[in-house]
$ cat query09.txt   # compact mmCIF, C-alpha atoms
# COMPACT_ATOMS: atom_id res chain seq x y z
CA MET A 13 98.85 111.07 94.80
CA ALA A 14 98.19 109.24 91.58
CA ASP A 15 95.40 106.69 91.86
CA THR A 16 96.58 103.11 91.87
CA VAL A 17 93.75 101.38 90.05
CA LEU A 18 93.76 98.25 87.93
CA SER A 19 91.01 98.52 85.43
CA SER A 20 89.14 95.23 85.56
CA ALA A 21 88.85 94.10 89.18
CA PRO A 22 86.39 94.83 91.96
CA PRO A 23 87.66 95.76 95.40
CA VAL A 24 88.99 92.97 97.57
CA ARG A 25 86.69 91.96 100.43
CA SER A 26 87.94 92.64 103.89
CA THR A 27 88.66 89.17 105.23
CA MET A 28 89.00 87.04 102.12
CA MET A 29 92.13 86.62 100.04
CA SER A 30 91.25 86.85 96.36
CA PRO A 31 92.93 84.57 93.79
CA ALA A 32 94.95 87.59 92.58
CA GLU A 33 96.20 88.25 96.11
CA PHE A 34 97.00 84.58 96.58
CA ALA A 35 99.13 84.64 93.44
CA LEU A 36 101.03 87.67 94.76
CA THR A 37 101.40 86.05 98.18
CA LEU A 38 102.70 82.83 96.66
CA GLY A 39 105.36 84.84 94.86
CA GLY A 40 106.38 86.38 98.17
CA PHE A 41 106.47 82.92 99.74
CA GLY A 42 108.79 81.66 97.01
CA ILE A 43 111.08 84.67 97.32
CA GLY A 44 111.24 84.40 101.12
CA THR A 45 111.93 80.67 100.97
CA GLY A 46 114.66 81.16 98.37
CA GLU A 47 116.32 83.91 100.39
CA PHE A 48 116.39 82.22 103.80
CA ALA A 49 116.57 78.45 103.15
CA ILE A 50 120.21 78.70 102.12
CA MET A 51 121.13 79.80 105.67
CA GLY A 52 120.47 76.29 106.90
CA LEU A 53 122.41 74.72 104.04
CA LEU A 54 125.69 76.66 104.15
CA PRO A 55 127.76 73.73 105.45
CA ASP A 56 126.50 71.58 102.55
CA VAL A 57 127.27 74.33 100.04
CA ALA A 58 130.74 74.80 101.54
CA ARG A 59 131.50 71.09 101.36
CA ASP A 60 130.31 70.62 97.78
CA THR A 61 132.03 73.76 96.44
CA ALA A 62 135.28 73.23 98.40
CA VAL A 63 135.20 76.49 100.36
CA SER A 64 134.99 77.32 104.06
CA VAL A 65 131.63 77.95 105.73
CA PRO A 66 132.40 81.69 106.23
CA ALA A 67 133.33 81.93 102.56
CA ALA A 68 130.10 80.15 101.62
CA GLY A 69 128.28 82.98 103.38
CA MET A 70 129.14 85.08 100.34
CA VAL A 71 126.19 83.48 98.55
CA ILE A 72 123.92 85.24 101.07
CA SER A 73 125.76 88.54 100.66
CA ALA A 74 125.58 88.24 96.87
CA TYR A 75 121.80 87.81 97.02
CA ALA A 76 121.41 90.80 99.37
CA LEU A 77 123.54 92.94 97.05
CA GLY A 78 121.33 91.89 94.16
CA VAL A 79 118.29 93.07 96.11
CA VAL A 80 119.84 96.46 96.88
CA VAL A 81 120.93 97.02 93.28
CA GLY A 82 117.97 95.48 91.51
CA ALA A 83 115.11 97.16 93.36
CA PRO A 84 115.66 100.73 92.12
CA VAL A 85 117.12 99.83 88.72
CA ILE A 86 114.34 97.45 87.71
CA ALA A 87 111.63 99.72 89.12
CA VAL A 88 112.85 102.58 86.93
CA LEU A 89 113.32 100.47 83.80
CA ALA A 90 109.87 98.85 84.21
CA ALA A 91 107.99 102.16 84.36
CA ARG A 92 106.62 101.95 80.81
CA PHE A 93 105.18 98.45 81.17
CA SER A 94 101.97 97.10 82.66
CA ARG A 95 102.30 95.88 86.22
CA GLN A 96 101.01 92.40 85.41
CA HIS A 97 103.72 92.01 82.76
CA VAL A 98 106.35 93.35 85.16
CA LEU A 99 105.33 90.81 87.80
CA LEU A 100 105.58 87.99 85.26
CA ALA A 101 109.01 89.15 84.10
CA LEU A 102 110.32 89.51 87.65
CA MET A 103 109.16 86.05 88.63
CA ALA A 104 110.69 84.62 85.44
CA ILE A 105 114.05 86.16 86.40
CA PHE A 106 113.72 84.73 89.89
CA ALA A 107 112.89 81.26 88.55
CA LEU A 108 115.82 81.36 86.11
CA GLY A 109 118.19 82.46 88.87
CA ASN A 110 117.13 79.61 91.16
CA PHE A 111 117.46 76.98 88.45
CA ALA A 112 120.87 78.43 87.57
CA SER A 113 121.83 78.20 91.25
CA ALA A 114 120.77 74.55 91.32
CA LEU A 115 122.95 73.80 88.28
CA ALA A 116 125.95 76.01 89.14
CA PRO A 117 129.14 74.02 88.36
CA ASP A 118 131.42 75.95 90.76
CA PHE A 119 131.41 78.46 93.59
CA LEU A 120 131.97 81.60 91.51
CA THR A 121 129.11 80.66 89.21
CA LEU A 122 126.90 80.11 92.26
CA ILE A 123 127.82 83.58 93.56
CA ALA A 124 126.87 85.12 90.21
CA ALA A 125 123.61 83.14 90.11
CA ARG A 126 122.62 84.30 93.60
CA PHE A 127 123.30 87.94 92.72
CA PHE A 128 121.15 87.55 89.60
CA THR A 129 118.41 85.86 91.65
CA GLY A 130 118.30 88.75 94.11
CA LEU A 131 117.75 91.39 91.44
CA PRO A 132 113.91 91.07 91.16
CA HIS A 133 113.29 90.70 94.92
CA GLY A 134 112.62 94.33 95.90
CA ALA A 135 110.89 95.31 92.69
CA TYR A 136 108.55 92.30 92.96
CA PHE A 137 107.38 93.19 96.46
CA GLY A 138 107.09 96.85 95.51
CA VAL A 139 104.94 96.21 92.43
CA ALA A 140 102.91 93.51 94.19
CA ALA A 141 102.14 95.89 97.06
CA ILE A 142 100.93 98.57 94.65
CA VAL A 143 98.73 96.07 92.79
CA ALA A 144 97.26 94.73 96.05
CA ALA A 145 96.59 98.25 97.38
CA GLY A 146 94.92 99.18 94.10
CA LEU A 147 92.54 96.24 94.39
CA ALA A 148 91.48 97.09 97.95
CA PRO A 149 88.95 99.58 99.35
CA PRO A 150 90.52 102.74 100.81
CA HIS A 151 90.19 101.65 104.44
CA GLN A 152 91.79 98.24 103.82
CA LYS A 153 94.84 99.05 101.72
CA ALA A 154 97.40 98.28 104.44
CA ARG A 155 95.76 94.90 105.08
CA ALA A 156 95.94 94.12 101.35
CA VAL A 157 99.66 94.97 101.39
CA ALA A 158 100.08 92.80 104.51
CA ARG A 159 98.47 89.83 102.77
CA VAL A 160 101.14 90.09 100.07
CA MET A 161 103.90 90.38 102.67
CA MET A 162 102.41 87.37 104.47
CA GLY A 163 104.08 85.18 101.88
CA LEU A 164 107.47 86.36 103.13
CA THR A 165 106.55 85.86 106.79
CA VAL A 166 105.03 82.41 106.25
CA ALA A 167 108.21 81.45 104.43
CA THR A 168 110.21 82.06 107.61
CA LEU A 169 107.86 79.80 109.57
CA ILE A 170 107.17 76.98 107.10
CA GLY A 171 108.85 77.28 103.71
CA THR A 172 112.39 77.90 104.90
CA PRO A 173 112.69 75.03 107.44
CA LEU A 174 110.94 72.52 105.16
CA THR A 175 113.05 73.43 102.15
CA ALA A 176 116.23 73.42 104.22
CA TRP A 177 115.29 69.98 105.63
CA PHE A 178 114.61 68.63 102.15
CA GLY A 179 117.87 70.13 100.91
CA GLN A 180 119.78 68.40 103.71
CA MET A 181 118.14 65.11 102.77
CA VAL A 182 118.70 65.16 99.01
CA GLY A 183 121.18 68.01 98.45
CA TRP A 184 121.18 71.80 98.58
CA ARG A 185 120.66 72.05 94.82
CA ALA A 186 117.21 70.51 95.22
CA ALA A 187 116.22 73.38 97.52
CA PHE A 188 116.86 75.91 94.76
CA ALA A 189 115.02 73.73 92.25
CA ILE A 190 111.96 73.65 94.52
CA VAL A 191 111.95 77.44 94.75
CA GLY A 192 112.24 77.60 90.96
CA LEU A 193 109.14 75.41 90.64
CA ILE A 194 107.22 77.63 93.08
CA SER A 195 108.17 80.57 90.86
CA LEU A 196 106.76 78.88 87.75
CA ILE A 197 103.49 78.15 89.56
CA THR A 198 103.35 81.80 90.62
CA MET A 199 103.78 82.89 87.01
CA ALA A 200 100.89 80.71 85.91
CA MET A 201 98.61 82.06 88.65
CA THR A 202 99.65 85.66 87.94
CA LEU A 203 98.81 85.23 84.28
CA ARG A 204 95.44 83.72 85.15
CA PHE A 205 94.26 85.83 88.09
CA VAL A 206 96.07 89.17 88.35
CA PRO A 207 94.06 91.72 86.33
CA ARG A 208 95.57 92.83 83.05
CA ASP A 209 96.31 96.52 83.25
CA LYS A 210 97.63 99.09 80.86
CA PRO A 211 100.76 101.17 81.47
CA GLU A 212 99.91 104.46 83.14
CA THR A 213 99.70 107.46 80.87
CA GLY A 214 102.94 109.40 80.98
CA ALA A 215 104.82 106.69 82.84
CA SER A 216 108.56 106.87 82.22
CA PRO A 217 111.88 106.16 83.95
CA LEU A 218 112.34 109.90 84.44
CA ARG A 219 109.01 110.18 86.25
CA GLU A 220 109.91 107.28 88.54
CA LEU A 221 113.22 108.95 89.37
CA GLY A 222 111.17 111.88 90.63
CA ALA A 223 110.70 109.89 93.84
CA LEU A 224 114.35 110.56 94.65
CA ALA A 225 113.64 114.29 94.86
CA ASN A 226 110.85 113.80 97.39
CA PRO A 227 112.03 114.34 100.99
CA HIS A 228 109.00 112.48 102.39
CA VAL A 229 110.07 109.35 100.50
CA TRP A 230 113.55 109.60 102.03
CA LEU A 231 112.12 110.06 105.53
CA ALA A 232 109.96 106.95 105.15
CA LEU A 233 112.95 104.99 103.85
CA ALA A 234 115.01 106.22 106.80
CA ILE A 235 112.38 104.93 109.26
CA CYS A 236 112.58 101.55 107.49
CA ALA A 237 116.39 101.38 107.32
CA VAL A 238 116.97 102.58 110.89
CA GLY A 239 113.93 101.01 112.53
CA GLY A 240 114.42 97.67 110.80
CA GLY A 241 118.07 97.58 111.85
CA GLY A 242 117.11 96.82 115.44
CA MET A 243 115.36 93.57 114.54
CA PHE A 244 118.34 92.36 112.50
CA ALA A 245 120.83 93.36 115.21
CA VAL A 246 119.03 90.92 117.51
CA PHE A 247 118.07 88.18 115.04
CA THR A 248 121.53 87.79 113.51
CA TYR A 249 122.95 86.60 116.84
CA ILE A 250 119.83 84.95 118.21
CA THR A 251 121.24 81.40 118.31
CA PRO A 252 124.21 82.07 120.65
CA ALA A 253 121.97 84.27 122.82
CA MET A 254 119.57 81.35 123.23
CA THR A 255 122.19 78.67 123.86
CA GLU A 256 124.76 80.65 125.86
CA VAL A 257 122.48 82.96 127.89
CA ALA A 258 119.02 81.38 128.07
CA GLY A 259 120.27 77.80 128.31
CA VAL A 260 118.23 76.54 125.36
CA PRO A 261 119.68 73.25 124.04
CA LEU A 262 120.86 73.29 120.46
CA SER A 263 118.08 70.88 119.54
CA GLY A 264 115.55 73.52 120.65
CA VAL A 265 116.89 76.24 118.35
CA PRO A 266 114.63 75.35 115.38
CA LEU A 267 111.55 75.66 117.59
CA MET A 268 112.72 79.07 118.79
CA LEU A 269 113.31 80.19 115.23
CA ALA A 270 109.79 79.02 114.37
CA LEU A 271 108.52 81.27 117.17
CA PHE A 272 110.33 84.17 115.51
CA GLY A 273 108.56 83.35 112.24
CA ALA A 274 105.21 83.15 114.04
CA GLY A 275 105.92 86.56 115.53
CA MET A 276 106.60 87.98 112.08
CA ILE A 277 103.23 86.71 110.86
CA ALA A 278 101.40 88.16 113.87
CA GLY A 279 103.26 91.46 113.57
CA ASN A 280 102.51 91.71 109.86
CA LEU A 281 98.77 91.29 110.43
CA LEU A 282 98.62 93.56 113.48
CA GLY A 283 100.74 96.24 111.81
CA ALA A 284 98.38 96.33 108.86
CA ARG A 285 95.36 96.89 111.09
CA LEU A 286 97.14 99.64 112.97
CA ALA A 287 98.13 101.34 109.72
CA ASP A 288 94.60 101.14 108.31
CA ARG A 289 93.27 102.65 111.52
CA SER A 290 95.83 105.47 111.65
CA LEU A 291 98.99 105.37 109.57
CA LYS A 292 100.67 108.10 111.61
CA TYR A 293 100.05 106.57 115.01
CA GLY A 294 100.30 103.02 113.71
CA LEU A 295 103.96 103.56 112.83
CA GLY A 296 104.57 105.22 116.18
CA VAL A 297 102.99 102.33 118.08
CA ALA A 298 105.07 99.86 116.02
CA LEU A 299 108.31 101.63 116.93
CA LEU A 300 107.40 101.88 120.61
CA PHE A 301 106.49 98.18 120.65
CA ASN A 302 109.88 97.33 119.15
CA LEU A 303 111.63 99.49 121.72
CA GLY A 304 109.98 97.55 124.53
CA ALA A 305 110.69 94.17 122.92
CA PHE A 306 114.39 94.94 122.49
CA LEU A 307 114.74 96.11 126.10
CA LEU A 308 113.05 92.93 127.34
CA PHE A 309 115.45 90.89 125.22
CA ALA A 310 118.44 92.72 126.68
CA PHE A 311 117.46 92.21 130.32
CA THR A 312 115.23 89.13 130.64
CA MET A 313 116.87 86.28 128.67
CA GLY A 314 117.69 84.27 131.80
CA ASN A 315 115.63 81.13 131.10
CA PRO A 316 114.16 79.28 128.09
CA ALA A 317 110.51 80.20 128.74
CA ILE A 318 111.17 83.94 128.89
CA ALA A 319 113.57 83.62 125.95
CA ALA A 320 110.80 82.02 123.87
CA LEU A 321 108.45 84.91 124.63
CA ASN A 322 111.15 87.46 123.84
CA ILE A 323 111.94 85.88 120.49
CA PHE A 324 108.27 85.88 119.53
CA LEU A 325 108.00 89.57 120.49
CA VAL A 326 111.11 90.49 118.50
CA GLY A 327 109.60 88.74 115.48
CA CYS A 328 106.46 90.81 115.98
CA GLY A 329 108.63 93.81 115.13
CA PHE A 330 107.65 93.14 111.52
CA LEU A 331 104.49 95.13 112.29
CA LEU A 332 106.45 98.19 111.09
CA VAL A 333 106.58 96.96 107.49
CA PRO A 334 102.97 97.26 106.15
CA GLY A 335 102.70 100.85 107.37
CA ILE A 336 106.03 101.86 105.82
CA GLN A 337 105.02 100.30 102.51
CA LEU A 338 101.69 102.16 102.51
CA ARG A 339 103.33 105.43 103.54
CA LEU A 340 105.71 105.18 100.57
CA ILE A 341 102.82 104.52 98.19
CA ASN A 342 100.95 107.52 99.64
CA VAL A 343 103.76 110.07 99.35
CA ALA A 344 105.43 108.96 96.12
CA GLY A 345 102.93 110.61 93.79
CA GLU A 346 103.46 109.28 90.29
CA ALA A 347 106.65 107.42 91.24
CA GLN A 348 105.04 104.70 93.34
CA THR A 349 106.88 101.73 91.83
CA LEU A 350 110.36 103.02 92.62
CA ALA A 351 109.38 104.25 96.07
CA ALA A 352 107.75 100.95 97.04
CA ALA A 353 110.68 98.93 95.69
CA LEU A 354 113.20 101.08 97.54
CA SER A 355 111.69 100.01 100.85
CA HIS A 356 113.17 96.56 100.27
CA SER A 357 116.57 98.05 99.50
CA ALA A 358 116.23 99.93 102.78
CA PHE A 359 115.22 96.75 104.60
CA ASN A 360 118.28 94.90 103.29
CA LEU A 361 120.41 97.87 104.28
CA ALA A 362 118.87 97.52 107.73
CA ASN A 363 119.92 93.86 107.67
CA ALA A 364 123.54 94.76 106.95
CA LEU A 365 123.75 97.70 109.39
CA GLY A 366 121.92 95.89 112.20
CA ALA A 367 124.13 92.81 111.93
CA TRP A 368 127.25 95.03 111.90
CA ALA A 369 126.17 97.11 114.92
CA GLY A 370 125.23 94.02 116.91
CA GLY A 371 128.57 92.43 116.06
CA VAL A 372 130.45 95.52 117.24
CA SER A 373 128.67 95.39 120.60
CA ILE A 374 129.46 91.69 121.06
CA ALA A 375 133.08 92.12 119.93
CA HIS A 376 133.58 94.79 122.60
CA GLY A 377 132.58 92.33 125.29
CA TYR A 378 129.06 93.49 126.12
CA GLY A 379 127.54 90.03 125.69
CA TRP A 380 125.11 88.28 123.38
CA THR A 381 122.04 90.08 124.71
CA SER A 382 123.63 93.51 124.27
CA THR A 383 122.17 93.38 120.77
CA GLY A 384 118.85 94.22 122.42
CA LEU A 385 120.33 97.52 123.61
CA VAL A 386 121.64 98.16 120.11
CA GLY A 387 118.13 97.52 118.78
CA ALA A 388 116.64 99.89 121.35
CA ALA A 389 119.13 102.62 120.45
CA VAL A 390 118.41 102.50 116.72
CA THR A 391 114.67 102.33 117.42
CA LEU A 392 114.93 105.57 119.38
CA ALA A 393 116.65 107.08 116.34
CA ALA A 394 113.81 105.81 114.14
CA LEU A 395 111.27 107.41 116.47
CA ALA A 396 113.09 110.72 116.03
CA VAL A 397 112.87 110.34 112.24
CA TRP A 398 109.16 109.49 112.57
CA GLY A 399 108.65 112.72 114.48
CA VAL A 400 110.42 114.73 111.79
CA ALA A 401 108.32 113.01 109.10
CA ILE A 402 105.09 113.99 110.87
CA ALA A 403 106.17 117.57 111.49
CA SER A 404 107.21 118.05 107.88
CA ASP A 405 104.02 116.66 106.30
CA ARG A 406 101.05 117.03 108.65
CA ARG A 407 98.53 117.28 105.80
CA ARG A 408 99.06 113.78 104.34
CA TRP A 409 99.17 111.82 107.57
$ encode --input "query09.txt" --output "structure tokens"
Amino acid sequence: MADTVLSSAPPVRSTMMSPAEFALTLGGFGIGTGEFAIMGLLPDVARDTAVSVPAAGMVISAYALGVVVGAPVIAVLAARFSRQHVLLALMAIFALGNFASALAPDFLTLIAARFFTGLPHGAYFGVAAIVAAGLAPPHQKARAVARVMMGLTVATLIGTPLTAWFGQMVGWRAAFAIVGLISLITMAMTLRFVPRDKPETGASPLRELGALANPHVWLALAICAVGGGGMFAVFTYITPAMTEVAGVPLSGVPLMLALFGAGMIAGNLLGARLADRSLKYGLGVALLFNLGAFLLFAFTMGNPAIAALNIFLVGCGFLLVPGIQLRLINVAGEAQTLAAALSHSAFNLANALGAWAGGVSIAHGYGWTSTGLVGAAVTLAALAVWGVAIASDRRRW
């Protein structure tokens, strides 16, 4: 594996977030807030753009499609540039897309703006993870990656509800403008604190594409796409499961969603420690944990208190992510940027597939909590892929 070293920075201390890491985390916070806040503002978007609420959901799909397309394309095209410059460019694109969204004169323009905004998402997290890992001592790389991903998880707990609330008060366009401002602040901090590095010798788009010929990269992506699908199968339909099965009043839904965000934060931190301790077994423990959480969701959603615990545990399923990100960095050789960025394409694919599979189960009359069984089934499939990945590459685990 090629060393991921930025020339002018000392290793990050174990428990302290450096200014460079904070800049990367803030970028993740802005991206997470921009991605999820719109979900609470769809009725406002629909009303102002004269479309139905289901049609307004296309703005979410357009963003997700931008993530899937942009992650590999940008990662390949950015191979010849320094990572600090790539981070600045990606955040500039994200800022421009959010300001364009805030100013969009009609629905089709808004769709185009959201697709454009999604393009840098995966590449940003991929490059930021590589930079953070390169700044950390060998035994703390997963925790450094987790601190970057913490921006995304904190966004689900704090940034998304606050921005959605503000957008409901003064208009959905203001929500996008706020995210654009966060992006500009991130750019300033990245310029000031993230070490200036030089492009790697021999870096090229062709070398990055070499990741696509690596079966270990594909196996890691498969664990992400399949294993992550379980969480999205459950989370997509979490509101009707809470109100119709657990008896949670509609006014209590925001609190339950906050518990999911808190679970994501806890899972992110715990998953990083497991991965630093043993990447191989850390991923296995993460998948087994998810399996248990999904089964509990399927069979024990009978009252609000148990439902609250279940939702927190499902959110903890994010503990899979730091280990997957580090595994991709480890096996990608000289094509780390593309491999790390592809994990976010895989995660968005998991979003789409999980939501579809959960919807099929519900449509066939198995009930709102049957999504837990769907999640358990795909997690078992991910465990099988994990076993194949270990058997095929014992030396690098």
$ residues_around --input "query09.txt" --residues "Thr248 of chain A" --least-positions-apart "5" --cutoff "10 Å" --atoms "all atoms listed in the file" --output "PDB file with C-alpha atoms, keeping the file's coordinate frame"
ATOM      1  CA  MET A 243     115.360  93.570 114.540  1.00  0.00           C
ATOM      2  CA  ALA A 253     121.970  84.270 122.820  1.00  0.00           C
ATOM      3  CA  ASN A 363     119.920  93.860 107.670  1.00  0.00           C
ATOM      4  CA  ALA A 364     123.540  94.760 106.950  1.00  0.00           C
ATOM      5  CA  GLY A 366     121.920  95.890 112.200  1.00  0.00           C
ATOM      6  CA  ALA A 367     124.130  92.810 111.930  1.00  0.00           C
ATOM      7  CA  TRP A 368     127.250  95.030 111.900  1.00  0.00           C
ATOM      8  CA  GLY A 370     125.230  94.020 116.910  1.00  0.00           C
ATOM      9  CA  GLY A 371     128.570  92.430 116.060  1.00  0.00           C
ATOM     10  CA  THR A 383     122.170  93.380 120.770  1.00  0.00           C
TER      11      THR A 383
END
$ closest_residue --input "query09.txt" --among "A:Leu350, A:Leu361, A:Val400, A:Ala305" --to "Ala87 of chain A" --atoms "all atoms listed in the file"
A:Leu350
$ atom_distance --input "query09.txt" --atom1 "atom CA of Gly283 of chain A" --atom2 "atom CA of Val160 of chain A"
13.3 Å
$ closest_atom_pairs --input "query09.txt" --of "segment 141-195 of chain A" --to "segment 108-126 of chain A" --cutoff "10 Å" --atoms "all atoms listed in the file" --output "tab-separated table"
residue	atom	partner	partner_atom	distance
A:Gly183	CA	A:Ala114	CA	9.7
A:Trp184	CA	A:Ala114	CA	7.8
A:Arg185	CA	A:Ala114	CA	4.3
A:Ala186	CA	A:Ala114	CA	6.6
A:Ala187	CA	A:Ala114	CA	7.8
A:Phe188	CA	A:Asn110	CA	5.2
A:Ala189	CA	A:Phe111	CA	5.6
A:Ile190	CA	A:Asn110	CA	8.6
A:Val191	CA	A:Asn110	CA	6.7
A:Gly192	CA	A:Asn110	CA	5.3
A:Leu193	CA	A:Phe111	CA	8.7
A:Ser195	CA	A:Asn110	CA	9.0
$ residues_around --input "query09.txt" --residues "segment 322-333 of chain A" --least-positions-apart "2" --cutoff "7 Å" --atoms "all atoms listed in the file" --output "compact mmCIF listing (two decimals) with C-alpha atoms, in the frame of the given file"
# COMPACT_ATOMS: atom_id res chain seq x y z
CA MET A 243 115.36 93.57 114.54
CA LEU A 271 108.52 81.27 117.17
CA PHE A 272 110.33 84.17 115.51
CA GLY A 273 108.56 83.35 112.24
CA ALA A 274 105.21 83.15 114.04
CA GLY A 275 105.92 86.56 115.53
CA MET A 276 106.60 87.98 112.08
CA ALA A 278 101.40 88.16 113.87
CA GLY A 279 103.26 91.46 113.57
CA ASN A 280 102.51 91.71 109.86
CA LEU A 282 98.62 93.56 113.48
CA GLY A 283 100.74 96.24 111.81
CA LEU A 295 103.96 103.56 112.83
CA ALA A 298 105.07 99.86 116.02
CA ASN A 302 109.88 97.33 119.15
CA ALA A 305 110.69 94.17 122.92
CA PHE A 306 114.39 94.94 122.49
CA LEU A 308 113.05 92.93 127.34
CA PHE A 309 115.45 90.89 125.22
CA ILE A 318 111.17 83.94 128.89
CA ALA A 319 113.57 83.62 125.95
CA ALA A 320 110.80 82.02 123.87
CA GLY A 335 102.70 100.85 107.37
CA ILE A 336 106.03 101.86 105.82
CA GLN A 337 105.02 100.30 102.51
$ atom_distance --input "query09.txt" --atom1 "atom CA of Leu218 of chain A" --atom2 "atom CA of Gly146 of chain A"
22.6 Å
$ residues_around --input "query09.txt" --residues "Leu131 of chain A" --least-positions-apart "2" --cutoff "12 Å" --atoms "only C-alpha atoms" --output "PDB file with C-alpha atoms, keeping the file's coordinate frame"
ATOM      1  CA  ILE A  43     111.080  84.670  97.320  1.00  0.00           C
ATOM      2  CA  GLU A  47     116.320  83.910 100.390  1.00  0.00           C
ATOM      3  CA  ALA A  74     125.580  88.240  96.870  1.00  0.00           C
ATOM      4  CA  TYR A  75     121.800  87.810  97.020  1.00  0.00           C
ATOM      5  CA  ALA A  76     121.410  90.800  99.370  1.00  0.00           C
ATOM      6  CA  LEU A  77     123.540  92.940  97.050  1.00  0.00           C
ATOM      7  CA  GLY A  78     121.330  91.890  94.160  1.00  0.00           C
ATOM      8  CA  VAL A  79     118.290  93.070  96.110  1.00  0.00           C
ATOM      9  CA  VAL A  80     119.840  96.460  96.880  1.00  0.00           C
ATOM     10  CA  VAL A  81     120.930  97.020  93.280  1.00  0.00           C
ATOM     11  CA  GLY A  82     117.970  95.480  91.510  1.00  0.00           C
ATOM     12  CA  ALA A  83     115.110  97.160  93.360  1.00  0.00           C
ATOM     13  CA  PRO A  84     115.660 100.730  92.120  1.00  0.00           C
ATOM     14  CA  VAL A  85     117.120  99.830  88.720  1.00  0.00           C
ATOM     15  CA  ILE A  86     114.340  97.450  87.710  1.00  0.00           C
ATOM     16  CA  ALA A  87     111.630  99.720  89.120  1.00  0.00           C
ATOM     17  CA  ALA A 101     109.010  89.150  84.100  1.00  0.00           C
ATOM     18  CA  LEU A 102     110.320  89.510  87.650  1.00  0.00           C
ATOM     19  CA  MET A 103     109.160  86.050  88.630  1.00  0.00           C
ATOM     20  CA  ALA A 104     110.690  84.620  85.440  1.00  0.00           C
ATOM     21  CA  ILE A 105     114.050  86.160  86.400  1.00  0.00           C
ATOM     22  CA  PHE A 106     113.720  84.730  89.890  1.00  0.00           C
ATOM     23  CA  ALA A 107     112.890  81.260  88.550  1.00  0.00           C
ATOM     24  CA  LEU A 108     115.820  81.360  86.110  1.00  0.00           C
ATOM     25  CA  GLY A 109     118.190  82.460  88.870  1.00  0.00           C
ATOM     26  CA  ASN A 110     117.130  79.610  91.160  1.00  0.00           C
ATOM     27  CA  ALA A 124     126.870  85.120  90.210  1.00  0.00           C
ATOM     28  CA  ALA A 125     123.610  83.140  90.110  1.00  0.00           C
ATOM     29  CA  ARG A 126     122.620  84.300  93.600  1.00  0.00           C
ATOM     30  CA  PHE A 127     123.300  87.940  92.720  1.00  0.00           C
ATOM     31  CA  PHE A 128     121.150  87.550  89.600  1.00  0.00           C
ATOM     32  CA  THR A 129     118.410  85.860  91.650  1.00  0.00           C
ATOM     33  CA  HIS A 133     113.290  90.700  94.920  1.00  0.00           C
ATOM     34  CA  GLY A 134     112.620  94.330  95.900  1.00  0.00           C
ATOM     35  CA  ALA A 135     110.890  95.310  92.690  1.00  0.00           C
ATOM     36  CA  TYR A 136     108.550  92.300  92.960  1.00  0.00           C
ATOM     37  CA  PHE A 137     107.380  93.190  96.460  1.00  0.00           C
ATOM     38  CA  ALA A 353     110.680  98.930  95.690  1.00  0.00           C
ATOM     39  CA  HIS A 356     113.170  96.560 100.270  1.00  0.00           C
ATOM     40  CA  SER A 357     116.570  98.050  99.500  1.00  0.00           C
TER      41      SER A 357
END
